[in-house]
file my_file38.txt (compact mmCIF, C-alpha atoms and all ligand atoms)
# COMPACT_ATOMS: atom_id res chain seq x y z
CA MET T 440 80.10 46.36 1.61
CA ARG T 441 82.70 43.90 0.21
CA GLY T 442 82.20 41.19 -2.39
CA SER T 443 79.90 40.86 -5.38
CA ASP T 444 77.39 38.45 -6.89
CA ASP T 445 80.37 36.53 -8.30
CA THR T 446 82.44 36.34 -5.09
CA ILE T 447 83.60 33.19 -3.34
CA LEU T 448 83.58 33.90 0.40
CA LEU T 449 86.04 31.73 2.27
CA VAL T 450 85.36 31.71 6.02
CA GLY T 451 88.50 30.56 7.84
CA GLY T 452 92.24 30.89 7.51
CA GLY T 453 93.51 27.39 8.25
CA ALA T 454 94.75 24.36 6.33
CA ALA T 455 91.47 23.70 4.56
CA ALA T 456 90.89 27.31 3.50
CA PHE T 457 94.42 27.79 2.20
CA SER T 458 94.39 24.51 0.35
CA PHE T 459 91.06 25.41 -1.25
CA VAL T 460 92.16 28.78 -2.57
CA SER T 461 95.59 27.67 -3.76
CA THR T 462 94.11 24.68 -5.61
CA TYR T 463 91.34 26.81 -7.09
CA ARG T 464 93.79 29.36 -8.47
CA ASP T 465 96.25 26.68 -9.67
CA ALA T 466 93.37 24.99 -11.50
CA GLY T 467 92.62 28.24 -13.34
CA GLY T 468 89.74 29.54 -11.17
CA THR T 469 89.38 33.28 -11.76
CA ARG T 470 86.43 34.38 -9.61
CA PRO T 471 87.04 36.91 -6.84
CA VAL T 472 87.89 35.29 -3.49
CA VAL T 473 87.55 36.99 -0.10
CA LEU T 474 89.27 35.08 2.73
CA VAL T 475 88.02 36.08 6.20
CA SER T 476 89.79 34.84 9.31
CA ASP T 477 89.30 35.82 12.92
CA ASP T 478 92.96 34.98 13.49
CA ASP T 479 95.18 38.04 13.21
CA ARG T 480 97.73 36.32 10.99
CA LEU T 481 97.82 34.68 7.60
CA PRO T 482 97.35 30.88 7.37
CA TYR T 483 100.18 29.04 9.09
CA PHE T 484 101.31 25.50 9.85
CA ARG T 485 99.20 24.79 12.95
CA PRO T 486 100.82 21.43 13.90
CA ALA T 487 104.02 23.35 14.75
CA VAL T 488 102.16 25.31 17.44
CA SER T 489 102.41 22.51 20.02
CA LYS T 490 105.78 21.30 18.74
CA GLU T 491 108.50 23.49 17.15
CA TYR T 492 106.91 26.86 17.96
CA LEU T 493 106.36 25.89 21.59
CA VAL T 494 110.04 25.05 22.06
CA GLY T 495 111.34 27.97 19.99
CA ALA T 496 112.58 25.83 17.09
CA THR T 497 110.62 27.81 14.49
CA ASP T 498 109.36 31.37 14.23
CA ARG T 499 106.20 33.00 12.93
CA ALA T 500 107.59 33.71 9.47
CA ASP T 501 108.72 30.10 8.99
CA MET T 502 105.30 28.78 10.01
CA SER T 503 103.43 30.88 7.42
CA LEU T 504 102.10 28.83 4.53
CA GLU T 505 102.71 31.78 2.19
CA ASP T 506 103.78 35.39 2.63
CA PRO T 507 101.51 38.41 1.98
CA ALA T 508 102.82 38.76 -1.59
CA TRP T 509 101.35 35.36 -2.49
CA TYR T 510 97.82 36.51 -1.62
CA ARG T 511 98.28 39.65 -3.69
CA SER T 512 99.67 37.79 -6.68
CA HIS T 513 96.87 35.20 -6.45
CA ASP T 514 94.24 37.91 -6.15
CA VAL T 515 92.93 36.82 -2.74
CA ASP T 516 91.34 39.62 -0.74
CA VAL T 517 92.27 38.83 2.89
CA MET T 518 90.42 40.16 5.94
CA LEU T 519 92.28 39.22 9.14
CA GLY T 520 91.03 39.68 12.69
CA CYS T 521 87.53 39.60 11.25
CA SER T 522 84.81 37.27 12.46
CA VAL T 523 81.90 36.12 10.32
CA THR T 524 79.00 36.18 12.76
CA ALA T 525 76.04 35.19 10.57
CA LEU T 526 75.23 33.96 7.08
CA ASP T 527 72.06 35.07 5.33
CA LEU T 528 71.63 32.29 2.78
CA ALA T 529 68.65 33.83 1.01
CA ALA T 530 70.32 37.21 0.52
CA ARG T 531 73.80 35.62 0.03
CA LEU T 532 75.21 38.05 2.56
CA ALA T 533 77.64 37.54 5.44
CA VAL T 534 77.53 39.63 8.58
CA THR T 535 81.02 40.20 9.95
CA SER T 536 82.72 42.10 12.76
CA GLN T 537 83.98 44.52 10.08
CA GLU T 538 81.78 45.04 7.01
CA PRO T 539 79.11 42.90 5.32
CA ILE T 540 80.19 40.72 2.41
CA ARG T 541 78.15 39.69 -0.63
CA TRP T 542 78.88 36.26 -2.04
CA GLU T 543 77.72 33.81 -4.65
CA ARG T 544 79.45 30.77 -3.09
CA CYS T 545 80.42 30.41 0.56
CA VAL T 546 83.07 27.94 1.74
CA VAL T 547 83.00 27.41 5.51
CA ALA T 548 86.34 26.22 6.95
CA THR T 549 86.09 27.36 10.55
CA GLY T 550 88.05 24.48 12.13
CA SER T 551 88.02 23.73 15.83
CA ALA T 552 88.30 25.46 19.18
CA ALA T 553 89.66 24.19 22.48
CA ARG T 554 87.12 22.51 24.72
CA THR T 555 86.68 23.54 28.32
CA LEU T 556 86.02 21.22 31.25
CA PRO T 557 82.54 21.26 32.83
CA VAL T 558 83.84 21.64 36.41
CA PRO T 559 84.12 24.72 38.64
CA GLY T 560 86.89 26.88 37.17
CA GLY T 561 87.00 24.75 34.01
CA ASP T 562 86.23 27.76 31.83
CA ASP T 563 88.23 30.33 33.82
CA ALA T 564 89.82 32.83 31.42
CA ARG T 565 93.15 32.33 33.21
CA ASN T 566 93.33 28.72 32.00
CA LEU T 567 95.69 28.51 29.04
CA THR T 568 95.04 26.56 25.85
CA VAL T 569 97.33 25.62 22.96
CA ARG T 570 95.54 25.86 19.63
CA SER T 571 97.02 28.91 17.97
CA ALA T 572 100.36 30.68 17.69
CA ALA T 573 98.89 33.46 19.86
CA ASP T 574 98.09 30.88 22.57
CA VAL T 575 101.75 29.83 22.66
CA GLU T 576 102.88 33.45 22.81
CA ARG T 577 100.60 33.95 25.83
CA LEU T 578 102.05 30.82 27.45
CA HIS T 579 105.62 32.00 26.80
CA ALA T 580 104.80 35.41 28.29
CA GLN T 581 103.37 33.80 31.42
CA LEU T 582 106.34 31.46 31.78
CA ALA T 583 108.68 34.44 31.37
CA GLY T 584 106.90 36.05 34.33
CA MET T 585 106.90 32.88 36.44
CA SER T 586 108.71 29.81 35.10
CA GLY T 587 106.47 27.06 36.49
CA PRO T 588 105.39 24.51 37.52
CA VAL T 589 102.74 23.81 34.89
CA VAL T 590 99.84 21.40 35.09
CA VAL T 591 98.41 20.13 31.80
CA ILE T 592 94.87 18.79 32.03
CA GLY T 593 94.31 16.12 29.38
CA SER T 594 96.53 13.55 27.70
CA GLY T 595 95.45 13.86 24.08
CA PHE T 596 98.09 14.51 21.46
CA VAL T 597 98.23 18.25 22.09
CA GLY T 598 98.50 17.72 25.88
CA CYS T 599 101.29 15.15 25.51
CA GLU T 600 103.19 17.24 22.94
CA VAL T 601 102.98 20.38 25.06
CA ALA T 602 103.89 18.62 28.32
CA SER T 603 106.94 16.92 26.83
CA GLY T 604 108.00 20.10 25.00
CA LEU T 605 107.85 22.14 28.20
CA ALA T 606 109.69 19.44 30.16
CA GLU T 607 112.39 19.53 27.47
CA GLN T 608 112.74 23.25 28.24
CA GLY T 609 113.33 22.47 31.91
CA VAL T 610 109.82 23.35 33.08
CA GLU T 611 108.34 21.17 35.83
CA VAL T 612 105.19 19.65 34.28
CA THR T 613 102.41 17.37 35.50
CA ILE T 614 99.72 15.84 33.30
CA VAL T 615 96.40 15.12 34.99
CA SER T 616 94.17 12.89 32.89
CA ASP T 617 91.21 10.60 33.30
CA GLU T 618 92.85 8.09 30.94
CA ASP T 619 94.78 5.24 32.58
CA ARG T 620 97.41 5.69 29.87
CA PRO T 621 97.42 8.31 27.11
CA HIS T 622 95.37 7.19 24.09
CA GLU T 623 94.81 3.72 25.46
CA GLY T 624 91.08 3.81 24.75
CA ARG T 625 91.40 4.98 21.17
CA LEU T 626 94.67 3.38 20.07
CA GLY T 627 95.13 0.44 22.42
CA ALA T 628 97.24 -0.50 25.44
CA PRO T 629 100.56 -0.92 23.55
CA VAL T 630 100.35 2.67 22.31
CA GLY T 631 99.36 3.89 25.77
CA GLU T 632 102.44 2.15 27.20
CA LEU T 633 104.75 3.66 24.59
CA ILE T 634 103.55 7.21 25.20
CA THR T 635 103.57 6.79 28.98
CA GLY T 636 107.21 5.68 28.81
CA TRP T 637 108.22 8.61 26.61
CA LEU T 638 106.53 11.11 28.91
CA ARG T 639 108.12 9.61 32.04
CA ASP T 640 111.55 9.57 30.37
CA ALA T 641 111.06 13.24 29.47
CA GLY T 642 110.47 14.00 33.15
CA VAL T 643 106.72 14.65 32.94
CA GLN T 644 104.86 13.75 36.16
CA LEU T 645 101.72 11.73 35.43
CA VAL T 646 98.52 11.68 37.46
CA LEU T 647 96.48 9.20 35.42
CA GLY T 648 93.06 7.63 35.81
CA ALA T 649 92.21 10.80 37.68
CA SER T 650 89.19 13.02 37.40
CA VAL T 651 89.56 16.79 37.79
CA GLY T 652 87.01 18.16 40.26
CA ALA T 653 87.82 21.87 40.07
CA VAL T 654 90.40 24.39 38.93
CA ARG T 655 91.01 27.10 41.54
CA HIS T 656 93.06 30.17 40.66
CA HIS T 657 94.71 32.28 43.37
CA ALA T 658 97.04 35.24 43.01
CA GLY T 659 100.10 33.75 41.28
CA SER T 660 99.08 30.10 41.60
CA VAL T 661 96.50 27.56 40.62
CA VAL T 662 95.24 24.43 42.36
CA VAL T 663 93.78 21.54 40.40
CA ASP T 664 91.54 19.40 42.60
CA VAL T 665 91.63 15.74 41.66
CA THR T 666 88.79 13.55 42.89
CA GLY T 667 90.03 11.10 45.54
CA ARG T 668 93.68 12.18 45.13
CA PRO T 669 95.88 14.99 46.44
CA SER T 670 95.41 18.32 44.64
CA VAL T 671 98.09 19.45 42.19
CA ASP T 672 99.55 22.93 42.77
CA ALA T 673 101.08 24.88 39.91
CA ALA T 674 101.83 28.35 38.63
CA HIS T 675 99.98 27.82 35.34
CA VAL T 676 97.32 25.46 34.03
CA ILE T 677 96.87 24.38 30.41
CA MET T 678 93.54 22.92 29.33
CA ALA T 679 94.15 20.24 26.72
CA VAL T 680 90.88 18.36 26.92
CA GLY T 681 90.21 18.15 23.20
CA ALA T 682 88.69 20.27 20.48
CA ARG T 683 85.16 21.08 19.40
CA PRO T 684 84.23 21.93 15.83
CA ARG T 685 83.39 25.61 15.30
CA THR T 686 80.02 24.94 13.71
CA GLU T 687 78.12 27.91 15.18
CA LEU T 688 77.65 29.59 11.80
CA LEU T 689 75.88 26.60 10.30
CA ALA T 690 73.91 25.58 13.39
CA SER T 691 71.44 28.40 12.79
CA VAL T 692 70.75 27.15 9.25
CA GLY T 693 69.94 23.66 10.52
CA LEU T 694 72.79 21.88 8.78
CA LEU T 695 74.42 20.00 11.65
CA GLU T 696 74.43 16.31 12.44
CA ASP T 697 76.32 15.26 15.60
CA ASP T 698 77.87 18.73 15.69
CA ALA T 699 79.47 18.31 12.27
CA VAL T 700 78.44 19.46 8.81
CA PRO T 701 77.55 16.56 6.51
CA VAL T 702 78.97 17.02 3.01
CA ASP T 703 79.17 14.82 -0.05
CA GLY T 704 82.39 13.55 -1.65
CA VAL T 705 83.04 16.93 -3.28
CA MET T 706 82.36 18.91 -0.08
CA ALA T 707 78.90 20.25 -0.94
CA THR T 708 76.39 20.72 1.88
CA ALA T 709 72.67 20.23 1.36
CA VAL T 710 72.40 23.96 0.53
CA ASP T 711 73.29 25.01 -3.01
CA GLY T 712 76.36 27.27 -3.08
CA LEU T 713 77.41 26.39 0.47
CA ASP T 714 80.38 24.09 1.06
CA ALA T 715 82.16 22.93 4.23
CA ILE T 716 85.72 21.61 4.58
CA GLY T 717 88.24 20.68 7.25
CA ASP T 718 87.60 19.82 10.90
CA ILE T 719 83.93 20.85 10.79
CA ALA T 720 83.00 18.52 7.91
CA ALA T 721 81.69 14.97 8.08
CA ALA T 722 82.72 14.24 4.51
CA TRP T 723 81.80 11.34 2.29
CA ASN T 724 84.96 9.37 1.55
CA GLU T 725 84.72 7.57 -1.76
CA ARG T 726 87.16 4.83 -0.76
CA ALA T 727 85.62 4.21 2.67
CA GLY T 728 82.09 4.30 1.26
CA ARG T 729 80.87 6.33 4.23
CA ARG T 730 81.18 9.72 5.87
CA LEU T 731 84.25 10.34 8.02
CA ARG T 732 84.92 13.12 10.48
CA VAL T 733 88.62 13.64 11.12
CA GLU T 734 90.74 16.37 12.69
CA HIS T 735 93.98 16.04 10.74
CA TRP T 736 96.13 18.56 8.95
CA GLY T 737 96.57 16.45 5.81
CA ASP T 738 92.87 15.71 5.51
CA ALA T 739 91.86 19.35 5.95
CA GLN T 740 94.20 19.98 3.01
CA GLY T 741 92.63 17.06 1.12
CA HIS T 742 89.15 18.54 1.59
CA GLY T 743 90.39 21.92 0.39
CA ARG T 744 92.05 20.41 -2.67
CA THR T 745 88.93 18.42 -3.56
CA LEU T 746 86.72 21.49 -3.33
CA GLY T 747 89.16 23.86 -5.06
CA ASP T 748 89.34 21.46 -7.96
CA ARG T 749 85.56 21.07 -8.11
CA VAL T 750 84.81 24.80 -8.04
CA ALA T 751 87.31 25.20 -10.88
CA GLY T 752 85.40 22.58 -12.87
CA GLY T 753 86.70 19.16 -11.69
CA ARG T 754 84.64 16.34 -10.13
CA ALA T 755 87.18 14.06 -8.38
CA PRO T 756 85.82 13.12 -4.93
CA TRP T 757 87.76 12.91 -1.65
CA ALA T 758 89.14 9.37 -1.46
CA ASP T 759 92.27 9.64 0.72
CA VAL T 760 92.79 7.30 3.63
CA PRO T 761 93.01 9.75 6.56
CA GLY T 762 96.15 10.05 8.63
CA PHE T 763 98.04 12.14 11.14
CA TRP T 764 101.31 12.21 13.02
CA SER T 765 102.35 13.37 16.45
CA THR T 766 105.76 14.01 17.97
CA ILE T 767 106.02 13.47 21.72
CA ALA T 768 109.36 13.82 23.50
CA GLY T 769 111.16 13.56 20.17
CA GLN T 770 109.36 10.33 19.18
CA THR T 771 107.07 10.40 16.14
CA LEU T 772 103.93 8.30 15.78
CA LYS T 773 102.22 8.01 12.40
CA TYR T 774 98.65 6.80 12.16
CA VAL T 775 96.74 5.97 8.99
CA ALA T 776 93.15 4.86 9.59
CA TRP T 777 89.51 5.43 8.79
CA GLY T 778 89.39 6.55 12.41
CA ASP T 779 85.91 5.31 13.22
CA GLY T 780 86.80 2.37 15.42
CA HIS T 781 88.46 -1.03 15.41
CA GLY T 782 87.76 -4.42 16.93
CA ALA T 783 91.16 -6.06 17.33
CA ILE T 784 94.82 -5.14 17.26
CA GLU T 785 98.00 -6.95 16.30
CA VAL T 786 101.38 -5.61 17.47
CA GLU T 787 104.75 -6.09 15.78
CA ARG T 788 107.84 -4.92 17.65
CA SER T 789 111.45 -4.82 16.53
CA SER T 790 114.58 -3.00 17.61
CA ALA T 791 113.63 -0.37 14.99
CA GLY T 792 110.18 0.37 16.38
CA THR T 793 106.57 -0.74 16.64
CA THR T 794 103.69 -1.31 14.25
CA VAL T 795 100.12 -1.68 15.47
CA TRP T 796 97.63 -3.09 12.97
CA TYR T 797 93.97 -2.39 13.68
CA GLY T 798 91.29 -4.72 12.34
CA ARG T 799 87.52 -4.84 12.08
CA ASP T 800 85.31 -7.38 10.32
CA GLY T 801 88.39 -9.28 9.12
CA VAL T 802 90.08 -6.36 7.34
CA VAL T 803 92.75 -3.80 8.23
CA VAL T 804 91.18 -0.47 9.24
CA GLY T 805 94.24 1.30 10.63
CA VAL T 806 98.02 1.17 10.97
CA LEU T 807 100.06 3.01 13.58
CA THR T 808 103.83 3.09 13.37
CA HIS T 809 106.73 4.29 15.48
CA GLY T 810 109.94 3.82 13.47
CA HIS T 811 108.94 1.13 10.92
CA ASP T 812 108.48 3.66 8.11
CA GLU T 813 108.13 0.83 5.60
CA ASP T 814 104.84 -0.11 7.30
CA ASN T 815 103.70 3.51 7.23
CA GLU T 816 104.45 3.63 3.51
CA ARG T 817 102.10 0.69 2.82
CA ALA T 818 99.51 1.71 5.40
CA ALA T 819 97.23 3.59 2.99
CA ALA T 820 97.28 0.62 0.61
CA ALA T 821 96.51 -1.77 3.48
CA VAL T 822 93.59 0.27 4.82
CA GLY T 823 92.27 1.53 1.49
CA GLY T 824 92.72 -1.91 -0.11
CA ARG T 825 91.02 -3.71 2.81
CA TRP T 826 93.88 -6.11 3.39
CA PRO T 827 92.85 -9.15 5.43
CA PHE T 828 93.39 -8.77 9.19
CA PRO T 829 95.71 -9.86 10.72
CA PRO T 830 98.00 -8.90 7.82
C1 LIG T 901 98.18 22.52 18.49
C2 LIG T 901 97.73 21.60 17.39
C3 LIG T 901 98.61 20.65 16.87
C4 LIG T 901 98.19 19.79 15.86
N1 LIG T 901 99.06 18.86 15.38
C5 LIG T 901 98.68 18.05 14.38
C6 LIG T 901 99.58 17.08 13.85
O1 LIG T 901 100.71 16.93 14.31
N2 LIG T 901 99.15 16.32 12.82
C7 LIG T 901 97.90 16.44 12.29
O2 LIG T 901 97.56 15.73 11.34
N3 LIG T 901 97.02 17.34 12.77
C8 LIG T 901 97.38 18.14 13.80
N4 LIG T 901 96.50 19.06 14.31
C9 LIG T 901 95.15 19.16 13.72
C10 LIG T 901 95.16 20.06 12.49
O3 LIG T 901 95.95 21.20 12.72
C11 LIG T 901 93.72 20.44 12.16
O4 LIG T 901 93.01 19.26 11.86
C12 LIG T 901 93.65 21.41 10.99
O5 LIG T 901 94.33 22.60 11.30
C13 LIG T 901 92.22 21.71 10.62
O6 LIG T 901 92.20 22.66 9.61
P1 LIG T 901 90.93 23.60 9.38
O7 LIG T 901 91.30 24.46 8.23
O8 LIG T 901 89.70 22.78 9.32
O9 LIG T 901 90.79 24.45 10.72
P2 LIG T 901 91.77 25.39 11.52
O10 LIG T 901 93.19 25.12 11.23
O11 LIG T 901 91.31 25.31 12.95
O12 LIG T 901 91.44 26.84 10.96
C14 LIG T 901 90.18 27.42 11.14
C15 LIG T 901 90.27 28.88 10.77
O13 LIG T 901 88.99 29.47 10.79
C16 LIG T 901 89.03 30.72 11.49
N5 LIG T 901 87.65 30.95 11.96
C17 LIG T 901 86.89 30.14 12.74
N6 LIG T 901 85.65 30.66 12.90
C18 LIG T 901 85.64 31.83 12.20
C19 LIG T 901 84.64 32.83 11.98
N7 LIG T 901 83.40 32.71 12.46
N8 LIG T 901 84.97 33.91 11.24
C20 LIG T 901 86.22 34.03 10.71
N9 LIG T 901 87.19 33.10 10.88
C21 LIG T 901 86.90 32.02 11.61
C22 LIG T 901 90.10 30.50 12.54
O14 LIG T 901 90.65 31.69 13.01
C23 LIG T 901 91.12 29.71 11.72
O15 LIG T 901 91.89 30.58 10.95
C24 LIG T 901 96.88 19.91 15.34
C25 LIG T 901 96.00 20.86 15.86
C26 LIG T 901 96.42 21.70 16.88
C27 LIG T 901 95.46 22.72 17.44

call {"tool": "encode", "arguments": {"input": "my_file38.txt", "output": "structure tokens"}}
result
Amino acid sequence: MRGSDDTILLVGGGAAAFSFVSTYRDAGGTRPVVLVSDDDRLPYFRPAVSKEYLVGATDRADMSLEDPAWYRSHDVDVMLGCSVTALDLAARLAVTSQEPIRWERCVVATGSAARTLPVPGGDDARNLTVRSAADVERLHAQLAGMSGPVVVIGSGFVGCEVASGLAEQGVEVTIVSDEDRPHEGRLGAPVGELITGWLRDAGVQLVLGASVGAVRHHAGSVVVDVTGRPSVDAAHVIMAVGARPRTELLASVGLLEDDAVPVDGVMATAVDGLDAIGDIAAAWNERAGRRLRVEHWGDAQGHGRTLGDRVAGGRAPWADVPGFWSTIAGQTLKYVAWGDGHGAIEVERSSAGTTVWYGRDGVVVGVLTHGHDEDNERAAAAVGGRWPFPP
């Protein structure tokens, strides 16, 4: 049995968990912390997985947020390769794949997992995904055995980053996606056009507006059936059809709404002593005046900071305007937005780049930039300050 009736149990080893524990210690928090992660390595910079790590521009050590000595010096008891399988809230006990853990406060930061596709072969174990460093190592090992071609199913940010990164490495890559242009539905046609151009220039083949009917693996090859179109043959298939929050632990305690965990502005769930942060949380944002659910590195850190500060005695709520970035074929997009929809868009183009302003109910609700860093720098003020739209 690990832990004690004073222990903070931290379930997860990602951005949110690391940010929580580092903030808590920096703010003077002294209670014992046990960090449990089912990953086999210490918290690392996940955005690099589909970017620098994929193309060999960074290594495992460089991606680590801190080295093992940091956890020792900050008195964090780390259990890697260990899965928390159940939480007994009444007994304040966690069941794990190693030993049970007693806790007084439990912080759940279990992040997301790759989705599968509900078609024949959509959940075949031979389909690759790109969510973790280990996933990329598996992909590299397969490519070392047989160099390609690769078909990427899905044109979300991870799919586009991976496809362009592999193409950069000389791998023949095809994206198959049901979107007419990547991100057109969520971010608008101008952004879809930009990304489509970058992918084409990088040499990625695009099969767009296409629905996958089945994924059929054979010895040494895979065939992706596309409804009403010719099938796509490849050596490897990567599923990049989005992420689902890993909310299983809290589903059994009846805490989920729309498959997310509702929390207040300081990351508390409805259960005393139980907090949720990062991708799984639908967190109250003080500036937005409503709950937001986002899957961004910086916001997972923001949740962790908010909670670490609170558990150490602070009360400042989460009030950041959410934002993320993506790098596709060497081009970086930055997006700052509440992320829960827009009504209209206004596009500004110059030789230096593009800015897309998103509006709803007469105010700015999002700003996407490529180049135009001066617009990115005022984006949080524009969204958070409800600048009139169009700006
Ligand atoms: C490939 C990729 C690229 C990305 N690129 C960007 C980007 O460029 N910009 C951006 O803003 N965002 C990006 N994101 C999103 C960003 O990384 C996530 O929003 C962020 O990592 C979420 O942090 P988290 O701590 O909530 O969860 P995660 O980082 O997913 O960490 C969850 C942790 O919990 C552990 N865990 C889960 N369940 C259990 C359990 N039951 N027991 C024990 N441990 C468990 C996992 O092993 C993991 O360590 C990217 C995501 C991916 C996958």

call {"tool": "residues_around", "arguments": {"input": "my_file38.txt", "residues": "Leu688 in chain T", "least_positions_apart": "5", "cutoff": "7 Å", "atoms": "only C-alpha atoms", "output": "compact mmCIF listing (two decimals) with C-alpha atoms, in the frame of the given file"}}
result
# COMPACT_ATOMS: atom_id res chain seq x y z
CA THR T 524 79.00 36.18 12.76
CA ALA T 525 76.04 35.19 10.57
CA LEU T 526 75.23 33.96 7.08

call {"tool": "closest_atom_pairs", "arguments": {"input": "my_file38.txt", "of": "chain T", "to": "ligand LIG 901 (chain T)", "cutoff": "7 Å", "atoms": "all atoms listed in the file", "output": "CSV"}}
result
residue,atom,partner,partner_atom,distance
T:Val450,CA,T:LIG901,C20,5.3
T:Gly451,CA,T:LIG901,O13,3.2
T:Gly452,CA,T:LIG901,O15,3.5
T:Gly453,CA,T:LIG901,O12,3.5
T:Ala454,CA,T:LIG901,O7,3.9
T:Ala455,CA,T:LIG901,O7,3.8
T:Ala456,CA,T:LIG901,O7,5.5
T:Val475,CA,T:LIG901,C20,5.3
T:Ser476,CA,T:LIG901,N9,3.5
T:Asp477,CA,T:LIG901,N9,4.0
T:Asp478,CA,T:LIG901,O14,4.0
T:Pro482,CA,T:LIG901,O15,6.5
T:Arg485,CA,T:LIG901,O3,4.8
T:Pro486,CA,T:LIG901,N1,3.4
T:Ala487,CA,T:LIG901,C3,6.4
T:Val488,CA,T:LIG901,C1,5.0
T:Ser489,CA,T:LIG901,C1,4.5
T:Cys521,CA,T:LIG901,C20,5.7
T:Ser522,CA,T:LIG901,N8,3.6
T:Val523,CA,T:LIG901,N8,3.9
T:Thr524,CA,T:LIG901,N7,5.6
T:Ala548,CA,T:LIG901,O8,5.4
T:Thr549,CA,T:LIG901,O13,3.6
T:Gly550,CA,T:LIG901,O9,3.1
T:Ser551,CA,T:LIG901,O11,4.6
T:Ala552,CA,T:LIG901,O11,6.9
T:Val569,CA,T:LIG901,C1,5.5
T:Arg570,CA,T:LIG901,C27,3.8
T:Ser571,CA,T:LIG901,C27,6.4
T:Val597,CA,T:LIG901,C1,5.6
T:Arg685,CA,T:LIG901,N6,6.0
T:Leu688,CA,T:LIG901,N7,6.6
T:Ile716,CA,T:LIG901,O8,6.3
T:Gly717,CA,T:LIG901,O8,3.3
T:Asp718,CA,T:LIG901,O8,4.0
T:Ile719,CA,T:LIG901,O8,6.3
T:Glu734,CA,T:LIG901,O4,3.8
T:His735,CA,T:LIG901,O4,3.5
T:Trp736,CA,T:LIG901,C10,4.0
T:Gly737,CA,T:LIG901,O2,5.7
T:Ala739,CA,T:LIG901,O6,4.9
T:Gly762,CA,T:LIG901,O2,6.4
T:Phe763,CA,T:LIG901,O2,3.6
T:Trp764,CA,T:LIG901,N2,4.6
T:Ser765,CA,T:LIG901,O1,4.5
T:Thr766,CA,T:LIG901,O1,6.9

call {"tool": "closest_residue", "arguments": {"input": "my_file38.txt", "among": "T:Gly604, T:Pro761, T:Gly495, T:Gly520", "to": "Leu474 in chain T", "atoms": "all atoms listed in the file"}}
result
T:Gly520

call {"tool": "residues_around", "arguments": {"input": "my_file38.txt", "residues": "Met440 in chain T", "least_positions_apart": "2", "cutoff": "6 Å", "atoms": "all atoms listed in the file", "output": "MDAnalysis selection string"}}
result
chainID T and resid 538:540

call {"tool": "atom_distance", "arguments": {"input": "my_file38.txt", "atom1": "CA of Trp542 in chain T", "atom2": "CA of Trp723 in chain T"}}
result
25.5 Å

call {"tool": "closest_residue", "arguments": {"input": "my_file38.txt", "among": "T:Gly810, T:Gly681, T:Pro669, T:Gly659", "to": "Gly595 in chain T", "atoms": "only C-alpha atoms"}}
result
T:Gly681

call {"tool": "closest_residue", "arguments": {"input": "my_file38.txt", "among": "T:Ala783, T:Val472, T:Val590, T:Ala583", "to": "His513 in chain T", "atoms": "all atoms listed in the file"}}
result
T:Val472

call {"tool": "residues_near_point", "arguments": {"input": "my_file38.txt", "point": "(98.9, 19.7, 33.6)", "cutoff": "10 Å", "atoms": "all atoms listed in the file", "output": "ChimeraX atom specification"}}
result
/T:588-594,598-599,601-602,611-616,643-646,663,671-673,675-679

call {"tool": "closest_residue", "arguments": {"input": "my_file38.txt", "among": "T:Pro829, T:Gly667, T:Pro756, T:Pro557", "to": "Ala707 in chain T", "atoms": "all atoms listed in the file"}}
result
T:Pro756

call {"tool": "closest_residue", "arguments": {"input": "my_file38.txt", "among": "T:Leu772, T:Gln537, T:Ala500, T:Gly798", "to": "Asp812 in chain T", "atoms": "all atoms listed in the file"}}
result
T:Leu772

call {"tool": "atom_distance", "arguments": {"input": "my_file38.txt", "atom1": "CA of Arg544 in chain T", "atom2": "CA of Asp445 in chain T"}}
result
7.8 Å
